[in-house]
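Working notes, structure below.
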Amino acid sequence: MNHNQQSTEARHDDDPALSEFLASLMDYTPTIPDELVEHYLAKSGFQCPDVRLIRLVAVATQKFVAEVAGDALQQCKARQASIVKDKRDKQQKDKRLILTMEDLSKALREHGVNVKHQEYFADSPSTGMDPASREE
Amino acid sequence: MSDGGGETGREHPKPNTQRKLGGDEYAQAIAKIAVAQICEKEGFQTFQPSALETLSDIAVRYTRNIGKAAHDYANLAGRTECNVFDIIQGLEDMGLPQGFSGASDVDHCLACSGTVREIIQYVGQSDDVPFAYAIPQFPVVKDRNLTPSFLQVGKEPPEDHIPAWLPVFPEPHTYAPLPTPDVKAMEPMVKMEQKKHRKVDRSLLNLRQQFVCNGLDGLSSEDTRDADKGKQAGEGNPYLAAPMQYGEKEVSRVFLPAKLSNEATVENPVSSSQVMGNHVSVLATFAPAIDAMQGRLLDSEEGQKNVLLNRSNTVQFKIGTGKKSLNTMPHLSPRNTGFEMISPSFGMEGDKDEKKRRAEKILKESMENPQGLAQL
């Protein structure tokens with residue numbers, strides 16, 4: 001830690017960027033609520049009264065989730081694109097983008113998380129169905 | 001298509017109502033909604049519940065890992081509270097599998113770390129989508145209502161050795177001792193009420209029995225201790241020979257008084273000699289008590305007919321009292337017949353109580369007159 005602090009002292013020119021960013025976090029509302037992050041941070045022993053730091057963690061987590069979701073979305077799109085063309089007419093209906101375990105596990109693997117889709121785990125039968133179409 | 005937030009709002013109450021709400025269910029539900037909102041912003045239209053659950057779980061773990069790492073780094077630097085550099089260090093640790101710019105540089109500056117730059121970039125790019133619901137602060141921690149100290153209340157501590165900053169004592173009526181007789185009187189009453197009727201009856205019977213025993217013993221100990229001693233010896237100590245006589249008596253109860261009189265004559269000749277021997281020594285001091293017994297015993301010796309008459313009287317009492325009061329021996333003194341009259345109430349009890357009572361009586365009598373034991 002000492003040497004890190006020394007290094008931060010060595011480059012004071014970069015400090016304003018960080019403090020500005022932390023200040024700007026007060027205006028930015030992360031999707032993950034502060035209360036949730038605070039709760040889990042407190043559970044892990046984290047102790048800090050500064051809301052900006054909690055926001056920082058919230059933003060970092062949100063970025064992580066967004067990256068994973070973005071990767072899963074690419075997987076999903078790639079899978080849909082590889083479907084044979086003669087099924088396109090049927091696919092018109094199923095064109096919606098569904099977050100599935102299959103795509104998610106592939107996306108998470110890139111982030112160092114090893115998740116496997118449970119072979120015999122059945123999601124609810126209406127999984128992936130459009131709730132709007134269900135209502136119709 | 002309805003938005004993800006709305007969908008999650010519809011989907012998630014269900015499992016929560018089905019499952020028993022545990023400690024962390026609330027936070028997990030909130031995490032799911034938040035993750036669903038992020039996914040929706042990324043472009044997903046819908047999701048598999050298991051996928052959303054997995055992703056929200058991983059998001060929570062990510063948060064906790066950052067917190068843990070930051071806490072560890074703060075502790076490593078000798079602090080208890082984390083600062084931004086601890087968090088950045090933790091973020092770098094978490095971002096290692098992915099890699100970030102400048103990760104290879106060991107002496108890189110934390111303030112201009114690649115992870116922070118990526119986060120700044122992300123915040124700049126993405127619009128802020130606030131959480132769909134307003135969340136109260138949780139977990140709810142109830143404020144402790146502390147007892148004010150002597151100083152705060154403005155009272156003087158009752159004793160000199162109590163400092164004023166200690167909390168005040170409760171009201172005196174909450175700890176002042178009550179008069180003890182009341183407590184003692186109340187406790188048995190409460191206990192009695194709690195007991196069942198049978199137990200109450202039994203305890204009452206025991207109490208009465210004790211009174212009876214004490215009354216008899218008191219009498220014997222007060223005025224006719226020696227006479228009682230003589231009587232015991234005269235009966236051949238029926239309590240020691242109890243089992244034999246128990247059976248015999250039962251038979252005699254059931255059958256005619258004539259047979260009983262025969263048995264009585266069989267018994268008495270053995271003991272009568274001892275009685276006579278005792279009588280000589282005791283007679284001078286306790287004449288009246290022994291006279292009655294002596295008279296009867298003498299009668300029994302004189303002839304069967306007189307014994308029959310005398311015996312028939314006592315037997316009549318016993319038939320009236322019932323079978324169970326067998327332990328009380330056919331004492332010939334009028335006191336004992338009085339005791340027999342009381343005994344019907346004991347007939348309600350079981351044989352166990354009879355035995356217990358007999359043992360008690362033996363013990364008590366032996367305690368009362370150890371001389372009698374010495375004689376035996």
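Residues are referred to by chain and number: the chain letter is A, B, ... according to the order shown in the structure tokens, the number counts from 1 in that chain, and ligands are numbered separately from 1 in the order shown.
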Could you give me, as a tab-separated table, a per-residue list for chain B showing, wherever an atom lies at most 6 Å from an atom of chain A, the closest pair of atoms and their distance in Å to one decimal, using only C-alpha atoms and sorting by chain then residue number from low to high?
residue	atom	partner	partner_atom	distance
B:Met1	CA	A:Ala132	CA	6.0
B:Ala34	CA	A:Ile32	CA	5.3
B:Cys39	CA	A:Ala69	CA	5.7
B:Glu42	CA	A:Gly70	CA	6.0
B:Phe44	CA	A:Leu97	CA	5.2
B:Gln45	CA	A:Leu97	CA	5.2
B:Thr46	CA	A:Ile98	CA	4.8
B:Phe47	CA	A:Leu99	CA	4.2
B:Gln48	CA	A:Thr100	CA	5.3
B:Ala51	CA	A:Met101	CA	4.7
B:Arg64	CA	A:Ser44	CA	5.7
B:Gly67	CA	A:Leu41	CA	5.1
B:Lys68	CA	A:Ser44	CA	5.2
B:His71	CA	A:Phe46	CA	5.2
B:Ala77	CA	A:Met1	CA	5.9
B:Glu81	CA	A:Gln47	CA	5.2
B:Cys82	CA	A:Cys48	CA	5.8
B:Pro97	CA	A:Gly112	CA	5.8
B:Gln98	CA	A:His111	CA	5.9
B:Cys109	CA	A:Thr8	CA	5.6
B:Asp128	CA	A:Thr29	CA	5.7
B:Val129	CA	A:Thr31	CA	5.4
B:Pro130	CA	A:Thr31	CA	4.8
B:Phe131	CA	A:Thr31	CA	4.9
B:Gln137	CA	A:Glu35	CA	5.9
Separation of atom CA of B:Ile66 from atom CA of B:Ser104 in Å: 20.5 Å
